[in-house]
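This is model_19.cif (mmCIF, C-alpha atoms).
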```cif
data_my_file
loop_
_atom_site.label_atom_id
_atom_site.label_comp_id
_atom_site.auth_asym_id
_atom_site.auth_seq_id
_atom_site.Cartn_x
_atom_site.Cartn_y
_atom_site.Cartn_z
CA MET A 9 4.76 -7.59 13.47
CA ALA A 10 3.15 -4.53 11.94
CA THR A 11 4.27 -1.81 14.30
CA ASP A 12 7.29 -3.25 16.14
CA PRO A 13 8.76 -6.46 14.62
CA ASP A 14 11.65 -6.40 17.11
CA ALA A 15 9.14 -7.01 19.90
CA VAL A 16 8.33 -10.38 18.33
CA ASP A 17 11.33 -12.02 19.94
CA ALA A 18 12.15 -15.40 21.50
CA ALA A 19 10.17 -14.60 24.65
CA PHE A 20 7.19 -13.65 22.51
CA PHE A 21 7.44 -16.94 20.62
CA GLU A 22 7.51 -18.82 23.92
CA GLN A 23 4.26 -17.12 24.83
CA LEU A 24 2.78 -18.02 21.45
CA ARG A 25 3.76 -21.66 21.97
CA MET A 26 1.80 -21.74 25.22
CA HIS A 27 -1.39 -21.03 23.27
CA PHE A 28 -0.84 -22.23 19.71
CA SER A 29 0.78 -25.14 17.86
CA GLU A 30 3.73 -24.39 15.55
CA SER A 31 1.43 -25.00 12.59
CA GLU A 32 -1.00 -22.39 13.95
CA ILE A 33 1.85 -19.91 14.56
CA VAL A 34 2.90 -20.28 10.91
CA GLU A 35 -0.71 -19.83 9.81
CA LEU A 36 -0.97 -16.66 11.91
CA GLY A 37 2.33 -15.28 10.63
CA LEU A 38 1.40 -15.82 6.99
CA PHE A 39 -2.03 -14.27 7.55
CA ILE A 40 -0.63 -11.22 9.34
CA GLY A 41 2.18 -10.71 6.81
CA PHE A 42 -0.27 -10.98 3.92
CA ASN A 43 -2.68 -8.47 5.48
CA LEU A 44 0.12 -6.10 6.48
CA GLY A 45 1.33 -5.98 2.89
CA PHE A 46 -1.98 -5.84 1.08
CA HIS A 47 -3.82 -3.41 3.35
CA THR A 48 -0.95 -0.95 2.99
CA PHE A 49 -0.99 -1.41 -0.80
CA PHE A 50 -4.79 -1.12 -0.97
CA GLY A 51 -4.61 2.05 1.12
CA THR A 52 -2.65 3.72 -1.69
CA LEU A 53 -5.41 2.85 -4.19
CA LYS A 54 -7.87 5.00 -2.21
CA PHE A 55 -10.87 2.82 -2.61
CA TYR A 56 -13.64 2.56 -0.10
CA PRO A 57 -15.89 -0.16 1.32
CA MET A 58 -18.59 -1.27 -1.12
CA PHE A 59 -21.21 -1.48 1.63
CA SER A 60 -22.55 1.04 4.11
CA PRO A 61 -22.56 0.18 7.81
CA ASP A 62 -26.21 -0.93 7.46
CA GLY A 63 -25.33 -3.28 4.58
CA ARG A 64 -26.42 -1.25 1.50
CA LEU A 65 -24.35 -1.49 -1.72
CA ILE A 66 -23.10 2.08 -2.23
CA SER A 67 -21.03 4.06 -4.73
CA GLN A 68 -17.42 5.05 -4.06
CA GLU A 69 -18.57 8.69 -3.70
CA GLU A 70 -21.16 7.83 -1.07
CA SER A 71 -18.73 5.48 0.65
CA GLN A 72 -16.17 8.27 0.88
CA ARG A 73 -18.82 10.50 2.52
CA VAL A 74 -19.72 7.71 4.95
CA TYR A 75 -16.23 6.53 5.86
CA GLY A 76 -14.26 9.76 5.61
CA ALA A 77 -11.72 11.38 3.36
CA ALA A 78 -8.85 9.06 4.28
CA PRO A 79 -9.23 5.27 4.03
CA GLY A 80 -8.56 3.56 7.33
CA SER A 81 -5.38 1.75 6.31
CA LEU A 82 -2.36 1.10 8.44
CA ASN A 83 -0.31 4.25 8.73
CA SER A 84 3.09 3.60 7.21
CA GLN A 85 4.61 5.86 9.87
CA ASP A 86 3.94 3.07 12.34
CA VAL A 87 5.61 0.40 10.23
CA ALA A 88 9.26 -0.36 10.78
CA MET B 299 18.69 -20.15 14.89
CA TYR B 300 15.20 -19.45 13.70
CA GLN B 301 12.29 -19.24 16.09
CA LEU B 302 10.83 -22.08 14.04
CA GLU B 303 13.51 -24.21 12.40
CA PRO B 304 13.06 -25.40 8.81
CA LEU B 305 11.61 -28.93 8.79
CA PRO B 306 13.87 -31.67 7.44
CA LEU B 307 12.81 -32.54 3.90
CA ASP B 308 12.08 -36.15 4.84
CA ALA B 309 9.55 -34.92 7.42
CA ILE B 310 7.50 -33.33 4.64
CA THR B 311 5.39 -36.00 2.99
CA ASP B 312 2.93 -33.99 0.87
CA PRO B 313 4.21 -34.53 -2.72
CA GLU B 314 2.88 -31.19 -4.02
CA LEU B 315 4.52 -29.34 -1.16
CA ARG B 316 7.81 -31.17 -1.72
CA ASP B 317 7.66 -30.22 -5.38
CA LEU B 318 7.04 -26.56 -4.47
CA ILE B 319 9.96 -26.60 -2.02
CA GLY B 320 12.17 -27.93 -4.81
CA LYS B 321 11.04 -25.09 -7.07
CA ALA B 322 11.56 -22.51 -4.31
CA GLU B 323 15.14 -23.74 -3.94
CA ALA B 324 15.79 -23.92 -7.69
CA LEU B 325 14.52 -20.38 -8.27
CA GLY B 326 16.52 -19.11 -5.29
CA VAL B 327 13.52 -17.14 -3.99
CA PRO B 328 11.75 -17.75 -1.63
CA GLY B 329 14.38 -20.40 -0.97
CA SER B 330 14.28 -23.72 0.80
CA SER B 331 14.48 -22.53 4.44
CA PHE B 332 11.40 -20.27 4.28
CA ALA B 333 9.48 -22.97 2.41
CA ARG B 334 10.41 -25.66 4.97
CA ILE B 335 9.49 -23.39 7.90
CA ILE B 336 6.01 -22.67 6.59
CA ALA B 337 5.62 -26.34 5.57
CA ARG B 338 4.28 -26.81 9.11
CA ALA B 339 0.97 -25.53 7.74
CA PRO B 340 0.76 -27.30 4.35
CA ALA B 341 -2.67 -25.99 3.35
CA HIS B 342 -1.38 -22.44 3.75
CA ALA B 343 2.19 -23.03 2.61
CA LYS B 344 1.20 -24.27 -0.83
CA PRO B 345 -0.80 -21.22 -2.03
CA PHE B 346 1.70 -18.82 -0.45
CA LEU B 347 4.68 -20.50 -2.15
CA LYS B 348 2.84 -20.53 -5.49
CA ALA B 349 1.94 -16.84 -5.16
CA LEU B 350 5.46 -15.82 -4.10
CA MET B 351 7.08 -17.63 -7.01
CA MET B 352 4.50 -16.62 -9.62
CA SER B 353 4.52 -12.96 -8.60
CA HIS B 354 8.32 -12.86 -8.73
CA ALA B 355 9.36 -15.11 -11.60
CA GLU B 356 6.37 -14.74 -13.95
CA GLY B 357 4.24 -11.92 -15.30
CA ASN B 358 4.63 -8.91 -17.55
CA VAL B 359 7.04 -6.80 -15.51
CA ASP B 360 10.77 -7.33 -16.04
CA HIS B 361 12.08 -9.96 -13.62
CA LYS B 362 15.36 -8.13 -12.99
CA LEU B 363 13.44 -5.00 -11.94
CA LYS B 364 11.33 -7.09 -9.57
CA GLU B 365 14.48 -8.63 -8.08
CA VAL B 366 16.00 -5.18 -7.45
CA ILE B 367 12.70 -4.09 -5.83
CA ARG B 368 12.47 -7.28 -3.75
CA ILE B 369 15.93 -6.78 -2.28
CA GLN B 370 15.29 -3.06 -1.71
CA LEU B 371 12.18 -4.02 0.31
CA ALA B 372 13.95 -6.80 2.23
CA ARG B 373 16.63 -4.32 3.27
CA TYR B 374 13.97 -1.83 4.38
CA ALA B 375 12.27 -4.64 6.28
CA GLU B 376 15.65 -5.41 7.89
CA ASP B 377 15.19 -9.07 7.07
CA PRO B 378 18.59 -10.74 6.52
CA TYR B 379 17.15 -13.94 5.06
CA PHE B 380 15.36 -12.41 2.07
CA SER B 381 18.03 -9.70 1.74
CA GLU B 382 20.67 -12.35 1.12
CA LEU B 383 18.65 -14.54 -1.25
CA ARG B 384 19.21 -14.06 -4.96
CA SER B 385 17.05 -15.10 -7.89
CA ASN B 386 18.87 -17.58 -10.11
CA LYS B 387 16.78 -16.34 -13.05
CA ALA B 388 17.97 -12.76 -12.46
CA ARG B 389 21.57 -13.96 -12.04
CA ALA B 390 21.34 -15.77 -15.38
CA ALA B 391 20.09 -12.51 -16.90
CA LYS B 392 23.27 -10.79 -15.62
CA LEU B 393 21.75 -8.74 -12.82
CA SER B 394 24.79 -7.53 -10.87
CA GLU B 395 25.25 -6.72 -7.17
CA GLU B 396 26.20 -3.20 -8.24
CA ILE B 397 22.76 -2.67 -9.79
CA ILE B 398 21.05 -4.32 -6.81
CA ASP B 399 22.86 -1.94 -4.41
CA ALA B 400 21.99 1.05 -6.59
CA GLY B 401 18.31 0.08 -6.33
CA SER B 402 18.53 0.23 -2.54
CA GLY B 403 20.44 3.53 -2.56
CA ASP B 404 20.14 6.75 -4.49
CA TYR B 405 18.44 5.15 -7.47
CA GLU B 406 16.97 8.48 -8.65
CA ASP B 407 20.43 9.64 -9.73
CA SER B 408 21.64 6.24 -10.91
CA LEU B 409 22.53 5.68 -14.55
CA PHE B 410 21.56 2.01 -14.19
CA PHE B 411 17.83 2.69 -14.29
CA SER B 412 15.39 4.07 -16.86
CA GLU B 413 12.76 6.62 -15.84
CA ALA B 414 10.18 3.78 -15.77
CA GLU B 415 12.37 1.70 -13.45
CA LYS B 416 13.00 4.68 -11.15
CA CYS B 417 9.26 5.26 -10.95
CA ALA B 418 8.68 1.59 -10.02
CA LEU B 419 11.43 1.76 -7.39
CA ARG B 420 9.85 4.92 -5.95
CA TYR B 421 6.46 3.19 -5.88
CA ALA B 422 7.94 0.27 -3.92
CA ASP B 423 9.86 2.23 -1.35
CA GLN B 424 7.12 4.80 -0.76
CA ILE B 425 4.37 2.24 -0.15
CA PHE B 426 6.09 1.15 3.04
CA LEU B 427 8.20 4.16 3.95
CA ASP B 428 5.50 6.80 3.43
CA ALA B 429 2.29 5.51 1.86
CA ASN B 430 0.87 9.05 1.83
CA LYS B 431 3.31 9.84 -0.99
CA VAL B 432 1.77 7.14 -3.17
CA ASP B 433 -0.87 9.55 -4.39
CA ALA B 434 -2.78 10.27 -7.61
CA GLU B 435 0.28 12.01 -9.03
CA LEU B 436 2.51 8.97 -8.57
CA TYR B 437 -0.14 6.65 -10.04
CA ALA B 438 -0.46 9.03 -13.02
CA GLU B 439 3.31 8.85 -13.51
CA LEU B 440 3.25 5.05 -13.23
CA LYS B 441 0.58 4.98 -15.96
CA THR B 442 2.92 6.80 -18.35
CA HIS B 443 5.36 3.87 -18.06
CA PHE B 444 3.25 0.82 -17.25
CA SER B 445 -0.18 -0.62 -18.11
CA GLU B 446 -2.76 -0.82 -15.33
CA ALA B 447 -2.26 -4.60 -15.31
CA GLN B 448 1.48 -4.12 -14.80
CA ILE B 449 0.87 -1.63 -11.98
CA MET B 450 -1.39 -4.14 -10.19
CA GLU B 451 1.24 -6.84 -10.80
CA LEU B 452 3.87 -4.61 -9.22
CA GLY B 453 1.65 -3.58 -6.30
CA SER B 454 0.62 -7.15 -5.49
CA PHE B 455 4.23 -8.35 -5.80
CA ILE B 456 5.43 -5.60 -3.47
CA ALA B 457 2.66 -6.23 -0.91
CA LEU B 458 3.11 -10.00 -0.79
CA HIS B 459 6.90 -10.05 -0.63
CA TYR B 460 7.14 -7.25 1.92
CA GLY B 461 4.58 -8.96 4.16
CA MET B 462 6.53 -12.23 4.04
CA GLN B 463 9.82 -10.39 4.69
CA ILE B 464 8.39 -8.88 7.88
CA PHE B 465 7.13 -12.33 8.95
CA MET B 466 10.56 -13.85 8.22
CA ARG B 467 12.26 -11.03 10.12
CA THR B 468 10.35 -12.07 13.25
CA LEU B 469 11.39 -15.71 12.69
CA GLY B 470 15.02 -14.82 12.21
CA HIS B 471 15.79 -13.70 15.72
CA THR B 472 18.26 -15.88 17.53
CA ALA B 473 16.44 -17.87 20.19
CA GLN B 474 17.26 -17.01 23.79
CA THR B 475 19.57 -19.45 25.57
#
```

Transcribe the structure of this file into structure tokens.
Amino acid sequence: MATDPDAVDAAFFEQLRMHFSESEIVELGLFIGFNLGFHTFFGTLKFYPMFSPDGRLISQEESQRVYGAAPGSLNSQDVA
Amino acid sequence: MYQLEPLPLDAITDPELRDLIGKAEALGVPGSSFARIIARAPAHAKPFLKALMMSHAEGNVDHKLKEVIRIQLARYAEDPYFSELRSNKARAAKLSEEIIDAGSGDYEDSLFFSEAEKCALRYADQIFLDANKVDAELYAELKTHFSEAQIMELGSFIALHYGMQIFMRTLGHTAQT
């Protein structure tokens, strides 16, 4: 869905149905769509995780040093 | 044919969900078909339908601007379902197809839009076409036209509707025969 929506075709849905109920497929689709939208939006806000990898509450400045200059959001180049 | 067909209304027994489906149809967006597809998962469908309708039809950003943005995004997402839906509230407020098309085209040079509306349209299309362009400079420009609350309203609206449009795009493929 995020990087190649055309690949989510009828054959793909047949595969999904082998493993999940239709209710679960809807739940997955809503969850993925929601995260696709909001992670991309949040990426533009340039905020960083509130906790360090060892679980300490840290400032945005320290978080930027820990996690890098660019937040790890989905690259829009990969989105159709 | 959808990959998951909309459920018949009489198969949906949850009264709150039926009420939300009625509202989704009356507003025009997100429409009855999307609502009856996701009705398969009622516990998830209800908050999503509420959020979609509230973010679109309520709030402190002009509804007609949101409708132009929503259709711009649906066209970028290549989702025919949400591209073809129209808000009845925006129709009643005289939003024309000419303005809608201008919002999906060269809106920067369009006489239909104010500088604030052009900035909001740029915000919407850049988030998903090139998020790297949504930088401090663009946020600073947004703040000259909108309050921070309005910017968050716009961003959340854009994120939620675009995510659902991509989901609907995957459901819209014609099933193999």

Could the residues of chain B that have an atom at most 6 Å from chain A be listed as JSON lines, each with its closest atom pair and the distance in Å to one decimal, counting only C-alpha atoms and ordered by chain and ascending residue number?
```
{"residue": "B:Ile336", "atom": "CA", "partner": "A:Val34", "partner_atom": "CA", "distance": 5.8}
{"residue": "B:Arg338", "atom": "CA", "partner": "A:Ser31", "partner_atom": "CA", "distance": 4.8}
{"residue": "B:Ala339", "atom": "CA", "partner": "A:Ser31", "partner_atom": "CA", "distance": 4.9}
{"residue": "B:Phe426", "atom": "CA", "partner": "A:Ser84", "partner_atom": "CA", "distance": 5.7}
{"residue": "B:Asp428", "atom": "CA", "partner": "A:Ser84", "partner_atom": "CA", "distance": 5.5}
{"residue": "B:Ala429", "atom": "CA", "partner": "A:Ser84", "partner_atom": "CA", "distance": 5.7}
{"residue": "B:Val432", "atom": "CA", "partner": "A:Thr52", "partner_atom": "CA", "distance": 5.8}
{"residue": "B:Ala457", "atom": "CA", "partner": "A:Gly45", "partner_atom": "CA", "distance": 4.0}
{"residue": "B:Leu458", "atom": "CA", "partner": "A:Gly45", "partner_atom": "CA", "distance": 5.7}
{"residue": "B:Gly461", "atom": "CA", "partner": "A:Gly41", "partner_atom": "CA", "distance": 4.0}
{"residue": "B:Met462", "atom": "CA", "partner": "A:Gly41", "partner_atom": "CA", "distance": 5.4}
{"residue": "B:Phe465", "atom": "CA", "partner": "A:Gly41", "partner_atom": "CA", "distance": 5.6}
{"residue": "B:Thr468", "atom": "CA", "partner": "A:Val16", "partner_atom": "CA", "distance": 5.7}
{"residue": "B:Ala473", "atom": "CA", "partner": "A:Ala18", "partner_atom": "CA", "distance": 5.1}
{"residue": "B:Gln474", "atom": "CA", "partner": "A:Ala18", "partner_atom": "CA", "distance": 5.8}
```

Query raised in the report: Hey, can you check how far CA of Tyr405 in chain B sits from CA of Val366 in chain B?
Result: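 That distance, rounded to one decimal, is 10.6 Å.
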
Query raised in the report: Can you tell me how far CA of His443 in chain B sits from CA of Glu413 in chain B, in Å to one decimal?
Result: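 So the answer is 8.2 Å.
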
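Between Leu325 in chain B and the candidates B:Val359, B:Leu383, B:Leu440, B:Leu371, the tightest atom-to-atom separation, counting all atoms listed in the file, involves B:Leu383.
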
I need the residue set behind the PyMOL selection byres ((chain B and resi 388) around 10) for this file; please write it as a PDB file with C-alpha atoms, in the coordinates of the input.
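Wrote part-v4.pdb, looks like this:
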```pdb
ATOM      1  CA  LEU B 325      14.520 -20.380  -8.270  1.00  0.00           C
ATOM      2  CA  GLY B 326      16.520 -19.110  -5.290  1.00  0.00           C
ATOM      3  CA  ALA B 355       9.360 -15.110 -11.600  1.00  0.00           C
ATOM      4  CA  ASP B 360      10.770  -7.330 -16.040  1.00  0.00           C
ATOM      5  CA  HIS B 361      12.080  -9.960 -13.620  1.00  0.00           C
ATOM      6  CA  LYS B 362      15.360  -8.130 -12.990  1.00  0.00           C
ATOM      7  CA  LEU B 363      13.440  -5.000 -11.940  1.00  0.00           C
ATOM      8  CA  LYS B 364      11.330  -7.090  -9.570  1.00  0.00           C
ATOM      9  CA  GLU B 365      14.480  -8.630  -8.080  1.00  0.00           C
ATOM     10  CA  VAL B 366      16.000  -5.180  -7.450  1.00  0.00           C
ATOM     11  CA  ARG B 384      19.210 -14.060  -4.960  1.00  0.00           C
ATOM     12  CA  SER B 385      17.050 -15.100  -7.890  1.00  0.00           C
ATOM     13  CA  ASN B 386      18.870 -17.580 -10.110  1.00  0.00           C
ATOM     14  CA  LYS B 387      16.780 -16.340 -13.050  1.00  0.00           C
ATOM     15  CA  ARG B 389      21.570 -13.960 -12.040  1.00  0.00           C
ATOM     16  CA  ALA B 390      21.340 -15.770 -15.380  1.00  0.00           C
ATOM     17  CA  ALA B 391      20.090 -12.510 -16.900  1.00  0.00           C
ATOM     18  CA  LYS B 392      23.270 -10.790 -15.620  1.00  0.00           C
ATOM     19  CA  LEU B 393      21.750  -8.740 -12.820  1.00  0.00           C
ATOM     20  CA  SER B 394      24.790  -7.530 -10.870  1.00  0.00           C
TER      21      SER B 394
END
```

Could you pull range 344-472 of chain B out of the block above and save it with C-alpha atoms, as an mmCIF file, in the first residue's frame?
```
data_model
loop_
_atom_site.group_PDB
_atom_site.id
_atom_site.type_symbol
_atom_site.label_atom_id
_atom_site.label_comp_id
_atom_site.auth_asym_id
_atom_site.auth_seq_id
_atom_site.Cartn_x
_atom_site.Cartn_y
_atom_site.Cartn_z
ATOM 1 C CA LYS B 344 -16.890 3.803 13.990
ATOM 2 C CA PRO B 345 -13.891 5.918 15.123
ATOM 3 C CA PHE B 346 -12.557 6.146 11.564
ATOM 4 C CA LEU B 347 -15.904 7.350 10.180
ATOM 5 C CA LYS B 348 -16.232 9.883 13.012
ATOM 6 C CA ALA B 349 -12.697 11.182 12.413
ATOM 7 C CA LEU B 350 -13.140 11.382 8.627
ATOM 8 C CA MET B 351 -16.383 13.335 8.911
ATOM 9 C CA MET B 352 -15.267 15.599 11.758
ATOM 10 C CA SER B 353 -11.940 16.451 10.128
ATOM 11 C CA HIS B 354 -13.678 17.293 6.849
ATOM 12 C CA ALA B 355 -16.998 18.896 7.765
ATOM 13 C CA GLU B 356 -16.116 20.557 11.092
ATOM 14 C CA GLY B 357 -13.299 22.672 12.478
ATOM 15 C CA ASN B 358 -11.820 26.109 11.936
ATOM 16 C CA VAL B 359 -10.510 25.776 8.389
ATOM 17 C CA ASP B 360 -12.866 26.657 5.535
ATOM 18 C CA HIS B 361 -14.773 23.560 4.394
ATOM 19 C CA LYS B 362 -14.602 24.477 0.707
ATOM 20 C CA LEU B 363 -10.794 24.702 0.922
ATOM 21 C CA LYS B 364 -10.684 21.289 2.593
ATOM 22 C CA GLU B 365 -12.888 19.847 -0.159
ATOM 23 C CA VAL B 366 -10.570 21.208 -2.875
ATOM 24 C CA ILE B 367 -7.580 19.728 -0.983
ATOM 25 C CA ARG B 368 -9.340 16.386 -0.463
ATOM 26 C CA ILE B 369 -10.036 15.981 -4.175
ATOM 27 C CA GLN B 370 -6.510 17.126 -5.090
ATOM 28 C CA LEU B 371 -5.145 14.375 -2.812
ATOM 29 C CA ALA B 372 -7.558 11.723 -4.109
ATOM 30 C CA ARG B 373 -6.424 12.484 -7.649
ATOM 31 C CA TYR B 374 -2.772 12.221 -6.605
ATOM 32 C CA ALA B 375 -3.601 8.948 -4.870
ATOM 33 C CA GLU B 376 -5.247 7.800 -8.130
ATOM 34 C CA ASP B 377 -8.293 6.695 -6.189
ATOM 35 C CA PRO B 378 -11.430 6.999 -8.362
ATOM 36 C CA TYR B 379 -13.869 6.481 -5.491
ATOM 37 C CA PHE B 380 -12.826 9.461 -3.369
ATOM 38 C CA SER B 381 -11.980 11.507 -6.478
ATOM 39 C CA GLU B 382 -15.587 11.267 -7.632
ATOM 40 C CA LEU B 383 -17.248 11.911 -4.272
ATOM 41 C CA ARG B 384 -18.419 15.438 -3.559
ATOM 42 C CA SER B 385 -19.277 17.086 -0.260
ATOM 43 C CA ASN B 386 -22.912 18.154 -0.184
ATOM 44 C CA LYS B 387 -21.958 20.897 2.287
ATOM 45 C CA ALA B 388 -19.391 22.299 -0.176
ATOM 46 C CA ARG B 389 -21.898 22.017 -3.041
ATOM 47 C CA ALA B 390 -24.427 23.999 -1.001
ATOM 48 C CA ALA B 391 -21.721 26.631 -0.467
ATOM 49 C CA LYS B 392 -21.363 26.909 -4.273
ATOM 50 C CA LEU B 393 -18.014 25.191 -4.679
ATOM 51 C CA SER B 394 -17.766 24.630 -8.440
ATOM 52 C CA GLU B 395 -16.028 21.909 -10.469
ATOM 53 C CA GLU B 396 -13.980 24.659 -12.095
ATOM 54 C CA ILE B 397 -12.488 25.635 -8.728
ATOM 55 C CA ILE B 398 -11.992 21.970 -7.783
ATOM 56 C CA ASP B 399 -10.075 21.354 -11.036
ATOM 57 C CA ALA B 400 -7.997 24.492 -10.493
ATOM 58 C CA GLY B 401 -6.977 23.141 -7.077
ATOM 59 C CA SER B 402 -5.638 19.988 -8.706
ATOM 60 C CA GLY B 403 -3.846 21.905 -11.472
ATOM 61 C CA ASP B 404 -1.763 25.039 -11.599
ATOM 62 C CA TYR B 405 -3.305 26.550 -8.488
ATOM 63 C CA GLU B 406 -0.325 28.871 -7.912
ATOM 64 C CA ASP B 407 -1.377 30.982 -10.906
ATOM 65 C CA SER B 408 -5.114 30.610 -10.372
ATOM 66 C CA LEU B 409 -7.254 33.639 -9.612
ATOM 67 C CA PHE B 410 -9.664 31.423 -7.658
ATOM 68 C CA PHE B 411 -7.404 31.158 -4.624
ATOM 69 C CA SER B 412 -6.039 33.592 -2.040
ATOM 70 C CA GLU B 413 -2.385 33.434 -0.994
ATOM 71 C CA ALA B 414 -3.463 31.573 2.171
ATOM 72 C CA GLU B 415 -5.371 28.979 0.132
ATOM 73 C CA LYS B 416 -2.434 28.520 -2.266
ATOM 74 C CA CYS B 417 -0.155 27.947 0.707
ATOM 75 C CA ALA B 418 -2.544 25.303 2.110
ATOM 76 C CA LEU B 419 -2.768 23.611 -1.301
ATOM 77 C CA ARG B 420 1.035 23.584 -1.530
ATOM 78 C CA TYR B 421 1.230 22.086 1.966
ATOM 79 C CA ALA B 422 -1.153 19.287 0.959
ATOM 80 C CA ASP B 423 0.445 18.344 -2.308
ATOM 81 C CA GLN B 424 4.019 18.555 -1.030
ATOM 82 C CA ILE B 425 3.430 16.325 1.998
ATOM 83 C CA PHE B 426 2.858 13.369 -0.289
ATOM 84 C CA LEU B 427 4.638 14.383 -3.477
ATOM 85 C CA ASP B 428 7.862 15.595 -1.840
ATOM 86 C CA ALA B 429 7.766 15.761 1.954
ATOM 87 C CA ASN B 430 11.289 17.204 1.998
ATOM 88 C CA LYS B 431 9.815 20.449 0.643
ATOM 89 C CA VAL B 432 7.577 20.775 3.694
ATOM 90 C CA ASP B 433 10.345 22.489 5.610
ATOM 91 C CA ALA B 434 10.693 25.261 8.206
ATOM 92 C CA GLU B 435 10.193 27.865 5.486
ATOM 93 C CA LEU B 436 6.837 26.429 4.419
ATOM 94 C CA TYR B 437 5.677 26.126 8.039
ATOM 95 C CA ALA B 438 6.723 29.761 8.598
ATOM 96 C CA GLU B 439 4.650 30.785 5.581
ATOM 97 C CA LEU B 440 1.684 28.735 6.819
ATOM 98 C CA LYS B 441 1.916 30.575 10.158
ATOM 99 C CA THR B 442 1.477 33.920 8.387
ATOM 100 C CA HIS B 443 -1.943 32.716 7.163
ATOM 101 C CA PHE B 444 -3.160 30.194 9.729
ATOM 102 C CA SER B 445 -3.030 29.644 13.498
ATOM 103 C CA GLU B 446 -1.019 26.680 14.782
ATOM 104 C CA ALA B 447 -4.326 24.974 15.625
ATOM 105 C CA GLN B 448 -5.500 25.429 12.038
ATOM 106 C CA ILE B 449 -2.201 24.063 10.685
ATOM 107 C CA MET B 450 -2.573 20.932 12.836
ATOM 108 C CA GLU B 451 -6.207 20.652 11.705
ATOM 109 C CA LEU B 452 -5.067 20.817 8.088
ATOM 110 C CA GLY B 453 -2.177 18.385 8.582
ATOM 111 C CA SER B 454 -4.323 15.815 10.390
ATOM 112 C CA PHE B 455 -7.081 16.165 7.789
ATOM 113 C CA ILE B 456 -4.595 15.668 4.960
ATOM 114 C CA ALA B 457 -2.920 12.668 6.633
ATOM 115 C CA LEU B 458 -6.153 10.859 7.475
ATOM 116 C CA HIS B 459 -7.914 11.382 4.156
ATOM 117 C CA TYR B 460 -4.858 10.553 2.059
ATOM 118 C CA GLY B 461 -4.273 7.347 4.031
ATOM 119 C CA MET B 462 -7.883 6.260 3.499
ATOM 120 C CA GLN B 463 -7.696 7.156 -0.213
ATOM 121 C CA ILE B 464 -4.689 4.858 -0.660
ATOM 122 C CA PHE B 465 -6.533 2.089 1.208
ATOM 123 C CA MET B 466 -9.620 2.612 -0.978
ATOM 124 C CA ARG B 467 -7.461 2.607 -4.102
ATOM 125 C CA THR B 468 -6.329 -0.927 -3.247
ATOM 126 C CA LEU B 469 -9.967 -1.979 -2.704
ATOM 127 C CA GLY B 470 -11.097 -0.490 -5.974
ATOM 128 C CA HIS B 471 -9.324 -2.839 -8.309
ATOM 129 C CA THR B 472 -11.622 -4.997 -10.377
#
```
